[in-house]
$ cat run14.txt   # compact mmCIF, C-alpha atoms
# COMPACT_ATOMS: atom_id res chain seq x y z
CA MET A 1 -47.06 37.82 32.32
CA THR A 2 -50.16 37.61 34.53
CA ASN A 3 -49.50 37.99 38.24
CA SER A 4 -51.00 34.99 40.02
CA TRP A 5 -50.13 32.42 42.63
CA ALA A 6 -50.79 29.66 40.07
CA THR A 7 -48.06 30.99 37.73
CA ALA A 8 -45.71 31.53 40.65
CA GLY A 9 -46.39 27.96 41.82
CA ALA A 10 -45.72 26.59 38.33
CA LEU A 11 -42.39 28.45 38.25
CA ILE A 12 -41.45 27.02 41.65
CA VAL A 13 -42.22 23.50 40.38
CA LEU A 14 -40.08 24.28 37.32
CA ALA A 15 -37.27 25.40 39.65
CA VAL A 16 -37.47 22.08 41.51
CA ILE A 17 -37.30 20.19 38.19
CA PHE A 18 -34.24 22.24 37.19
CA VAL A 19 -32.56 21.46 40.53
CA ILE A 20 -33.16 17.74 40.00
CA LEU A 21 -31.76 17.95 36.45
CA ALA A 22 -28.74 19.89 37.74
CA LEU A 23 -28.03 17.17 40.30
CA LEU A 24 -28.49 14.39 37.73
CA TYR A 25 -26.05 16.05 35.32
CA TRP A 26 -23.66 16.83 38.17
CA VAL A 27 -23.41 13.19 39.31
CA GLY A 28 -23.38 11.87 35.74
CA ALA A 29 -26.72 10.05 35.99
CA ILE A 30 -27.94 11.61 32.71
CA GLN A 31 -26.08 12.75 29.59
CA ILE A 32 -28.98 13.98 27.42
CA LEU A 33 -27.77 16.29 24.60
CA THR A 34 -24.16 16.32 25.78
CA SER A 35 -21.22 16.37 23.39
CA THR A 36 -19.64 13.17 24.75
CA GLY A 37 -22.75 11.21 25.72
CA ARG A 38 -21.00 9.84 28.83
CA GLY A 39 -19.41 10.94 32.10
CA VAL A 40 -20.33 13.85 34.36
CA HIS A 41 -21.28 17.23 32.90
CA HIS A 42 -20.71 19.96 35.43
CA LEU A 43 -21.40 22.71 32.89
CA HIS A 44 -24.92 21.36 32.31
CA GLY A 45 -25.31 21.14 36.08
CA TYR A 46 -24.34 24.81 36.45
CA LEU A 47 -26.76 25.74 33.67
CA PHE A 48 -29.74 24.03 35.30
CA GLY A 49 -28.73 25.40 38.70
CA GLY A 50 -28.77 28.90 37.18
CA LEU A 51 -32.12 28.25 35.52
CA ALA A 52 -33.53 27.08 38.86
CA ILE A 53 -32.47 30.36 40.49
CA LEU A 54 -33.94 32.37 37.60
CA SER A 55 -37.21 30.42 37.89
CA LEU A 56 -37.43 31.32 41.57
CA ILE A 57 -36.74 34.99 40.74
CA ALA A 58 -39.44 34.84 38.05
CA ALA A 59 -41.83 33.29 40.60
CA ASN A 60 -41.09 36.18 42.96
CA PHE A 61 -41.91 38.59 40.11
CA VAL A 62 -45.24 37.04 39.14
CA ARG A 63 -46.66 36.48 42.61
CA PRO A 64 -49.56 38.89 43.25
CA LYS A 65 -48.57 42.25 44.74
CA ASN A 66 -50.49 45.40 45.63
CA ALA A 67 -48.52 48.33 44.17
CA PRO A 68 -48.16 48.78 40.34
CA ASP A 69 -44.96 47.74 38.55
CA PHE A 70 -42.38 50.24 37.24
CA MET B 1 1.92 27.99 17.63
CA ALA B 2 4.77 30.51 17.57
CA PRO B 3 4.57 33.40 20.08
CA TRP B 4 4.20 35.99 17.28
CA GLN B 5 1.30 34.02 15.82
CA ALA B 6 -0.31 33.87 19.27
CA ALA B 7 0.17 37.64 19.68
CA LEU B 8 -1.36 38.38 16.26
CA LEU B 9 -4.31 36.07 16.94
CA GLY B 10 -4.80 37.83 20.29
CA LEU B 11 -4.97 41.24 18.61
CA LEU B 12 -7.26 39.85 15.90
CA GLN B 13 -9.60 38.18 18.38
CA GLY B 14 -9.81 41.23 20.64
CA ALA B 15 -10.65 43.54 17.75
CA THR B 16 -13.01 41.27 15.84
CA GLU B 17 -14.93 40.12 18.93
CA LEU B 18 -16.55 43.56 19.21
CA PHE B 19 -16.52 44.79 15.62
CA PRO B 20 -19.56 43.24 13.92
CA VAL B 21 -17.41 41.01 11.72
CA SER B 22 -17.19 37.68 13.66
CA SER B 23 -14.10 36.82 15.69
CA LEU B 24 -14.73 33.10 15.33
CA GLY B 25 -15.00 33.43 11.56
CA HIS B 26 -11.69 35.33 11.45
CA ALA B 27 -10.04 32.80 13.77
CA VAL B 28 -11.03 30.05 11.34
CA ILE B 29 -10.37 31.93 8.05
CA ILE B 30 -7.19 34.01 8.63
CA PRO B 31 -4.84 31.18 9.75
CA SER B 32 -6.07 29.13 6.82
CA LEU B 33 -5.45 31.98 4.33
CA LEU B 34 -1.96 32.57 5.79
CA HIS B 35 -1.19 28.82 5.72
CA TRP B 36 -0.30 28.76 9.40
CA SER B 37 0.59 25.23 10.33
CA TYR B 38 -0.86 24.92 13.84
CA LYS B 39 -3.96 22.79 14.32
CA GLN B 40 -7.06 23.92 16.17
CA SER B 41 -7.38 20.34 17.45
CA ASP B 42 -4.09 20.88 19.36
CA PRO B 43 -4.73 20.37 23.12
CA THR B 44 -3.26 23.79 23.89
CA PHE B 45 -5.58 25.65 21.48
CA LEU B 46 -8.63 25.61 23.81
CA PRO B 47 -6.62 27.10 26.73
CA PHE B 48 -5.39 29.74 24.28
CA LEU B 49 -8.94 30.71 23.26
CA THR B 50 -9.95 30.66 26.94
CA LEU B 51 -7.30 33.23 27.81
CA LEU B 52 -8.25 35.42 24.84
CA HIS B 53 -11.89 35.36 25.96
CA LEU B 54 -10.87 36.31 29.49
CA GLY B 55 -8.80 39.19 28.09
CA THR B 56 -11.72 40.45 26.00
CA ALA B 57 -14.27 40.06 28.80
CA GLY B 58 -11.88 41.81 31.21
CA ALA B 59 -11.59 44.77 28.83
CA LEU B 60 -15.38 45.03 28.49
CA PHE B 61 -15.75 44.76 32.25
CA ILE B 62 -13.22 47.57 32.80
CA LEU B 63 -14.89 49.74 30.16
CA TYR B 64 -18.34 49.33 31.72
CA ARG B 65 -17.23 48.86 35.34
CA LYS B 66 -19.52 51.60 36.70
CA ASP B 67 -22.48 50.23 34.74
CA TRP B 68 -21.77 46.70 36.01
CA VAL B 69 -21.71 47.85 39.64
CA ARG B 70 -25.11 49.52 39.16
CA ILE B 71 -26.49 46.61 37.11
CA SER B 72 -25.35 43.98 39.65
CA ALA B 73 -26.84 45.93 42.55
CA GLY B 74 -30.01 46.48 40.51
CA PHE B 75 -30.28 42.78 39.75
CA PHE B 76 -30.15 41.75 43.41
CA ARG B 77 -32.54 44.51 44.48
CA ALA B 78 -35.13 43.61 41.84
CA ALA B 79 -34.73 39.85 42.33
CA LEU B 80 -35.29 40.07 46.08
CA ARG B 81 -38.13 42.58 45.83
CA GLY B 82 -39.82 40.84 42.90
CA ARG B 83 -40.45 44.18 41.25
CA ILE B 84 -38.53 46.63 39.03
CA LYS B 85 -38.32 50.15 40.37
CA ASP B 86 -35.56 51.94 38.44
CA ASP B 87 -33.65 51.91 35.15
CA ASP B 88 -30.66 49.95 36.50
CA GLU B 89 -32.92 47.17 37.76
CA ARG B 90 -34.73 47.11 34.43
CA LEU B 91 -31.46 46.93 32.46
CA ALA B 92 -30.22 44.12 34.73
CA MET B 93 -33.35 42.05 34.09
CA LEU B 94 -33.22 42.82 30.35
CA LEU B 95 -29.66 41.47 30.28
CA VAL B 96 -30.74 38.31 32.13
CA VAL B 97 -33.58 37.74 29.65
CA GLY B 98 -31.20 38.36 26.74
CA THR B 99 -28.50 36.03 28.11
CA VAL B 100 -30.62 32.94 28.82
CA PRO B 101 -31.23 31.82 25.19
CA THR B 102 -27.52 31.86 24.30
CA GLY B 103 -26.56 30.27 27.61
CA VAL B 104 -28.93 27.33 27.10
CA VAL B 105 -28.22 26.76 23.40
CA GLY B 106 -24.49 27.35 23.91
CA VAL B 107 -24.15 24.76 26.69
CA PHE B 108 -26.05 22.10 24.75
CA PHE B 109 -24.95 22.71 21.17
CA GLN B 110 -21.82 24.91 20.96
CA LYS B 111 -19.29 22.09 20.65
CA GLN B 112 -21.39 20.19 18.13
CA LEU B 113 -22.07 23.31 16.03
CA GLN B 114 -18.45 24.41 16.01
CA ALA B 115 -17.22 20.93 15.18
CA LEU B 116 -19.71 20.78 12.29
CA PHE B 117 -19.08 24.25 10.90
CA ALA B 118 -15.43 25.04 11.77
CA SER B 119 -14.20 24.90 8.18
CA PRO B 120 -12.83 28.01 6.44
CA ARG B 121 -15.24 27.66 3.51
CA LEU B 122 -18.31 27.39 5.73
CA ALA B 123 -17.05 30.27 7.87
CA ALA B 124 -16.63 32.34 4.69
CA GLY B 125 -20.20 31.45 3.70
CA PHE B 126 -21.53 32.47 7.11
CA LEU B 127 -19.50 35.69 6.90
CA ILE B 128 -21.45 36.53 3.72
CA VAL B 129 -24.69 35.70 5.57
CA ASN B 130 -23.49 38.02 8.37
CA GLY B 131 -22.98 40.82 5.83
CA VAL B 132 -26.48 40.29 4.45
CA LEU B 133 -27.96 40.34 8.00
CA LEU B 134 -26.18 43.62 8.77
CA LEU B 135 -27.37 45.20 5.52
CA GLY B 136 -30.89 43.89 6.17
CA SER B 137 -31.06 45.42 9.63
CA GLU B 138 -29.85 48.79 8.26
CA LEU B 139 -32.41 48.55 5.45
CA LEU B 140 -35.21 48.08 8.00
CA ARG B 141 -33.80 50.92 10.12
CA ARG B 142 -33.82 53.27 7.13
CA ARG B 143 -37.44 52.29 6.46
CA ALA B 144 -38.30 53.09 10.09
CA GLU B 145 -36.56 56.47 9.73
CA ARG B 146 -38.59 57.27 6.60
CA ARG B 147 -41.83 56.29 8.35
CA ALA B 148 -40.92 58.61 11.23
CA ASN B 149 -40.23 61.44 8.73
CA LEU B 150 -36.56 61.56 9.74
CA ALA B 151 -35.14 61.26 6.21
CA GLY B 152 -32.98 64.25 5.32
CA ARG B 153 -32.16 65.23 8.91
CA ASP B 154 -28.58 64.91 10.11
CA ARG B 155 -27.63 61.53 11.54
CA GLU B 156 -27.36 62.56 15.17
CA GLN B 157 -30.87 64.04 15.05
CA GLN B 158 -32.17 60.86 13.44
CA GLU B 159 -30.59 58.78 16.19
CA GLN B 160 -32.14 60.89 18.94
CA ALA B 161 -35.58 59.76 17.76
CA PHE B 162 -34.83 56.19 18.83
CA ALA B 163 -34.69 54.62 22.29
CA GLU B 164 -32.04 54.00 24.94
CA ALA B 165 -31.17 50.43 26.01
CA ASP B 166 -33.08 50.43 29.29
CA ARG B 167 -36.32 51.28 27.42
CA LEU B 168 -36.17 47.97 25.52
CA SER B 169 -39.18 45.70 26.06
CA PHE B 170 -38.57 42.29 27.64
CA ARG B 171 -39.86 40.60 24.49
CA ALA B 172 -37.34 42.59 22.44
CA ALA B 173 -34.53 41.67 24.87
CA ALA B 174 -35.43 38.00 24.41
CA LEU B 175 -35.40 38.53 20.62
CA VAL B 176 -31.92 40.09 20.82
CA GLY B 177 -30.87 37.13 23.00
CA PHE B 178 -32.11 34.68 20.36
CA CYS B 179 -30.24 36.69 17.71
CA GLN B 180 -27.09 36.13 19.78
CA VAL B 181 -27.58 32.37 19.39
CA LEU B 182 -26.73 32.77 15.69
CA ALA B 183 -23.20 33.77 16.74
CA LEU B 184 -22.50 30.11 17.57
CA PHE B 185 -22.01 29.64 13.83
CA PRO B 186 -18.43 30.63 12.86
CA GLY B 187 -18.76 33.68 10.61
CA ILE B 188 -21.87 35.15 12.25
CA SER B 189 -20.87 38.04 14.50
CA ARG B 190 -22.20 38.12 18.05
CA SER B 191 -22.06 41.92 18.23
CA GLY B 192 -23.35 42.22 14.65
CA VAL B 193 -26.52 40.22 15.21
CA THR B 194 -27.20 41.72 18.63
CA ILE B 195 -26.68 45.28 17.38
CA GLY B 196 -28.91 44.41 14.42
CA GLY B 197 -31.52 42.98 16.81
CA GLY B 198 -31.28 46.13 18.92
CA LEU B 199 -31.88 48.29 15.84
CA LEU B 200 -34.94 46.22 14.92
CA ALA B 201 -36.19 46.75 18.48
CA GLY B 202 -35.92 50.51 17.98
CA LEU B 203 -32.70 51.31 19.82
CA ARG B 204 -30.24 54.02 18.76
CA HIS B 205 -27.12 52.59 17.11
CA GLN B 206 -24.97 53.64 20.05
CA GLU B 207 -27.40 52.13 22.57
CA ALA B 208 -27.75 48.94 20.51
CA ALA B 209 -23.93 48.63 20.61
CA ARG B 210 -23.85 49.32 24.35
CA PHE B 211 -26.55 46.72 24.99
CA ALA B 212 -24.70 44.25 22.73
CA PHE B 213 -21.42 44.77 24.63
CA LEU B 214 -23.13 44.45 28.02
CA LEU B 215 -24.94 41.34 26.81
CA ALA B 216 -21.71 39.82 25.51
CA THR B 217 -19.73 40.29 28.73
CA PRO B 218 -21.31 37.55 30.93
CA ILE B 219 -21.31 35.04 28.06
CA ILE B 220 -17.68 35.66 27.08
CA LEU B 221 -16.60 35.75 30.73
CA ALA B 222 -18.47 32.51 31.55
CA ALA B 223 -17.04 30.80 28.45
CA GLY B 224 -13.57 31.81 29.61
CA LEU B 225 -13.95 31.01 33.32
CA LEU B 226 -15.52 27.59 32.74
CA GLU B 227 -12.51 26.55 30.68
CA VAL B 228 -9.91 27.81 33.19
CA PRO B 229 -9.05 24.21 34.28
CA GLU B 230 -7.84 23.66 30.69
CA LEU B 231 -5.01 26.12 31.45
CA LEU B 232 -3.50 23.50 33.76
CA HIS B 233 -2.98 21.20 30.79
CA PRO B 234 0.73 20.28 30.54
CA GLY B 235 2.61 22.04 27.76
CA VAL B 236 0.49 25.20 27.76
CA PRO B 237 2.87 28.18 27.24
CA LEU B 238 1.15 30.40 29.79
CA ALA B 239 3.52 33.39 29.37
CA SER B 240 3.06 33.61 25.60
CA TYR B 241 -0.69 32.97 25.81
CA GLY B 242 -1.02 35.41 28.71
CA LEU B 243 0.62 38.14 26.63
CA SER B 244 -1.81 37.36 23.80
CA ALA B 245 -4.72 37.70 26.24
CA VAL B 246 -3.45 41.12 27.33
CA LEU B 247 -3.17 42.16 23.67
CA ALA B 248 -6.71 40.83 23.05
CA GLY B 249 -7.93 42.89 26.01
CA ILE B 250 -6.22 46.06 24.77
CA ALA B 251 -7.59 45.55 21.25
CA ALA B 252 -11.08 44.91 22.64
CA TYR B 253 -10.95 48.02 24.84
CA VAL B 254 -9.81 50.27 21.98
CA SER B 255 -12.35 48.68 19.61
CA ALA B 256 -15.24 49.15 22.03
CA ARG B 257 -14.35 52.81 22.64
CA PHE B 258 -14.03 53.41 18.90
CA LEU B 259 -17.34 51.69 18.13
CA ILE B 260 -19.28 53.55 20.81
CA ARG B 261 -18.06 56.85 19.30
CA TYR B 262 -18.59 55.62 15.74
CA PHE B 263 -22.19 54.59 16.39
CA ARG B 264 -23.19 58.09 17.49
CA SER B 265 -23.89 58.66 13.81
CA GLY B 266 -22.34 55.68 11.99
CA ARG B 267 -24.16 52.70 10.55
CA LEU B 268 -23.43 48.99 10.10
CA ASP B 269 -23.03 49.27 6.31
CA PRO B 270 -19.19 49.41 6.12
CA TYR B 271 -18.89 46.27 8.23
CA ALA B 272 -21.50 44.53 6.10
CA TYR B 273 -19.52 45.29 2.92
CA TYR B 274 -16.30 44.14 4.63
CA CYS B 275 -17.92 40.80 5.57
CA LEU B 276 -19.30 40.32 2.07
CA ALA B 277 -15.90 41.12 0.52
CA LEU B 278 -13.85 38.93 2.91
CA GLY B 279 -16.31 36.06 2.55
CA LEU B 280 -16.25 36.20 -1.25
CA VAL B 281 -12.46 36.59 -1.46
CA THR B 282 -11.97 33.68 0.95
CA LEU B 283 -14.28 31.46 -1.05
CA LEU B 284 -12.36 32.36 -4.23
CA LEU B 285 -8.92 31.78 -2.65
CA LEU B 286 -9.89 28.48 -1.02
CA ARG B 287 -11.52 27.00 -4.13
$ encode --input "run14.txt" --output "structure tokens"
Amino acid sequence: MTNSWATAGALIVLAVIFVILALLYWVGAIQILTSTGRGVHHLHGYLFGGLAILSLIAANFVRPKNAPDF
Amino acid sequence: MAPWQAALLGLLQGATELFPVSSLGHAVIIPSLLHWSYKQSDPTFLPFLTLLHLGTAGALFILYRKDWVRISAGFFRAALRGRIKDDDERLAMLLVVGTVPTGVVGVFFQKQLQALFASPRLAAGFLIVNGVLLLGSELLRRRAERRANLAGRDREQQEQAFAEADRLSFRAAALVGFCQVLALFPGISRSGVTIGGGLLAGLRHQEAARFAFLLATPIILAAGLLEVPELLHPGVPLASYGLSAVLAGIAAYVSARFLIRYFRSGRLDPYAYYCLALGLVTLLLLR
């Protein structure tokens, strides 16, 4: 993946979207692709919370740095 | 479910989770072949599976405890720094990349897929597919050995020509992760498809198995931990199920140690033939 602030920024935006989705699943505001189609889905909330953290880590990886990667 | 049935299923699950022969497929097929009367729709069956998963994940965690300490530390170091500097950090990030596809697909589709495909006949069919996948990955590995002029050398020498797990590319780790998604179908083995994926990516058999076991641990552990509240369901015989979980853990530990030794020079072929045979026999018996 190319190291650039634009890619890092896009990943941060993605992280924010994942956080919003996590909250929506957590409070039961959305039930997209859930097995029951109703109620709260904490598991989906955890998943999007985890994806938000991974997006932030990925953003940290792709931001421009000086020294070469391993 | 009688305690002896729970104990036998624990041993079966622990062993078949790591052998490339599909634990889920066996959990669907064997009780049906033996005409056991319990129903998988019983409210205490999910807590039972949860405990078995925790037993298996615990065994894998104990077996690779030193690796997991290094991998966990490596993950946090690399994540905070935003750069990979050593093999432990690289392996940690490879495991993250390999885990995401199954995590996402599993959360969204596992219940639907298992409800759709949890019939003994379909599981037997997928077991045959699993056998074909294992044979296919060995076929491609043999081709790679011939291309590298390794044909005719002894097996351990052939294996030395291939890579260790931390040398996997990130694209290959993602591919192995997507292979793991196939294990959501009862009859397709998680370790089988991930070892097969590792072989396609150029890993040694032993390293492909190690990567598969490391990759399986967070998924199995998360599947178990997330269902822990189910254990509080009234009527769950915790003592009997707990004993089954311990047996599953022991079976998983012994199986993993055996497989790591076996894959120094062994191949997937025997497990492929076993899956083909069990799948065909099951289809014949359940006609």
$ interface_residues --input "run14.txt" --of "chain A" --to "chain B" --cutoff "8 Å" --atoms "all atoms listed in the file" --output "ChimeraX atom specification"
/A:33-35,43-44,47,57-58,60-62,69-70
$ write_last_selection --input "run14.txt" --atoms "C-alpha atoms" --output "compact mmCIF listing (two decimals), keeping the file's coordinate frame"
# COMPACT_ATOMS: atom_id res chain seq x y z
CA LEU A 33 -27.77 16.29 24.60
CA THR A 34 -24.16 16.32 25.78
CA SER A 35 -21.22 16.37 23.39
CA LEU A 43 -21.40 22.71 32.89
CA HIS A 44 -24.92 21.36 32.31
CA LEU A 47 -26.76 25.74 33.67
CA ILE A 57 -36.74 34.99 40.74
CA ALA A 58 -39.44 34.84 38.05
CA ASN A 60 -41.09 36.18 42.96
CA PHE A 61 -41.91 38.59 40.11
CA VAL A 62 -45.24 37.04 39.14
CA ASP A 69 -44.96 47.74 38.55
CA PHE A 70 -42.38 50.24 37.24
$ residues_around --input "run14.txt" --residues "A:Pro64" --least-positions-apart "4" --cutoff "9 Å" --atoms "all atoms listed in the file" --output "list in words"
Thr2, Asn3, Ser4, Trp5, Ala8 and Asn60 of chain A
$ atom_distance --input "run14.txt" --atom1 "atom CA of B:Leu232" --atom2 "atom CA of B:Ser37"
23.8 Å
$ atom_distance --input "run14.txt" --atom1 "atom CA of B:Ser32" --atom2 "atom CA of B:Ile128"
17.3 Å
$ residues_near_point --input "run14.txt" --point "(-20.3, 21.6, 36.1)" --cutoff "12 Å" --atoms "all atoms listed in the file" --output "list of chain:residue names"
A:Ala22, A:Leu23, A:Leu24, A:Tyr25, A:Trp26, A:Val27, A:Gly28, A:Gly39, A:Val40, A:His41, A:His42, A:Leu43, A:His44, A:Gly45, A:Tyr46, A:Leu47, A:Phe48, A:Gly49, A:Gly50, B:Val107, B:Ala222, B:Leu225, B:Leu226, B:Glu227, B:Pro229
$ atom_distance --input "run14.txt" --atom1 "atom CA of B:Leu60" --atom2 "atom CA of B:Ala172"
22.9 Å
$ residues_around --input "run14.txt" --residues "B:Ser191" --least-positions-apart "6" --cutoff "10 Å" --atoms "all atoms listed in the file" --output "ChimeraX atom specification"
/B:16-23,179-180,183,197,208-213,215-216
$ decode --input "run14.txt" --residues "stretch 137-186 of chain B" --atoms "C-alpha atoms" --output "CSV table (one decimal), in the first residue's frame"
chain,number,residue,atom,x,y,z
B,137,SER,CA,-3.4,-28.5,-2.5
B,138,GLU,CA,-1.0,-31.5,-2.2
B,139,LEU,CA,-1.1,-31.9,-6.0
B,140,LEU,CA,-0.1,-28.2,-6.5
B,141,ARG,CA,2.7,-28.6,-3.8
B,142,ARG,CA,4.1,-31.6,-5.6
B,143,ARG,CA,4.1,-29.6,-8.8
B,144,ALA,CA,6.0,-26.8,-7.0
B,145,GLU,CA,8.5,-29.4,-5.7
B,146,ARG,CA,9.1,-30.7,-9.3
B,147,ARG,CA,9.6,-27.2,-10.6
B,148,ALA,CA,12.2,-26.5,-7.9
B,149,ASN,CA,13.9,-29.8,-8.8
B,150,LEU,CA,13.2,-31.3,-5.4
B,151,ALA,CA,11.6,-34.5,-6.7
B,152,GLY,CA,13.5,-37.6,-5.4
B,153,ARG,CA,15.1,-35.9,-2.4
B,154,ASP,CA,14.0,-37.0,1.1
B,155,ARG,CA,10.9,-35.3,2.5
B,156,GLU,CA,12.7,-33.3,5.2
B,157,GLN,CA,15.1,-31.9,2.5
B,158,GLN,CA,12.1,-31.0,0.3
B,159,GLU,CA,10.4,-29.2,3.1
B,160,GLN,CA,13.5,-27.1,4.0
B,161,ALA,CA,13.2,-25.5,0.5
B,162,PHE,CA,9.9,-23.8,1.5
B,163,ALA,CA,9.3,-20.9,3.8
B,164,GLU,CA,8.6,-20.3,7.5
B,165,ALA,CA,5.3,-18.7,8.6
B,166,ASP,CA,6.7,-15.2,9.3
B,167,ARG,CA,8.0,-15.0,5.7
B,168,LEU,CA,4.4,-15.1,4.4
B,169,SER,CA,3.4,-12.1,2.3
B,170,PHE,CA,0.4,-10.0,3.6
B,171,ARG,CA,-1.5,-10.9,0.4
B,172,ALA,CA,-0.9,-14.6,1.1
B,173,ALA,CA,-2.0,-14.2,4.7
B,174,ALA,CA,-5.3,-12.6,3.5
B,175,LEU,CA,-5.7,-15.5,1.1
B,176,VAL,CA,-5.3,-18.0,3.9
B,177,GLY,CA,-7.8,-15.9,5.9
B,178,PHE,CA,-10.3,-16.1,3.1
B,179,CYS,CA,-9.7,-19.9,2.9
B,180,GLN,CA,-10.6,-20.1,6.6
B,181,VAL,CA,-14.1,-18.6,5.7
B,182,LEU,CA,-14.8,-21.9,3.9
B,183,ALA,CA,-14.7,-23.6,7.3
B,184,LEU,CA,-18.1,-22.1,8.1
B,185,PHE,CA,-19.6,-24.8,6.0
B,186,PRO,CA,-20.0,-28.0,8.1
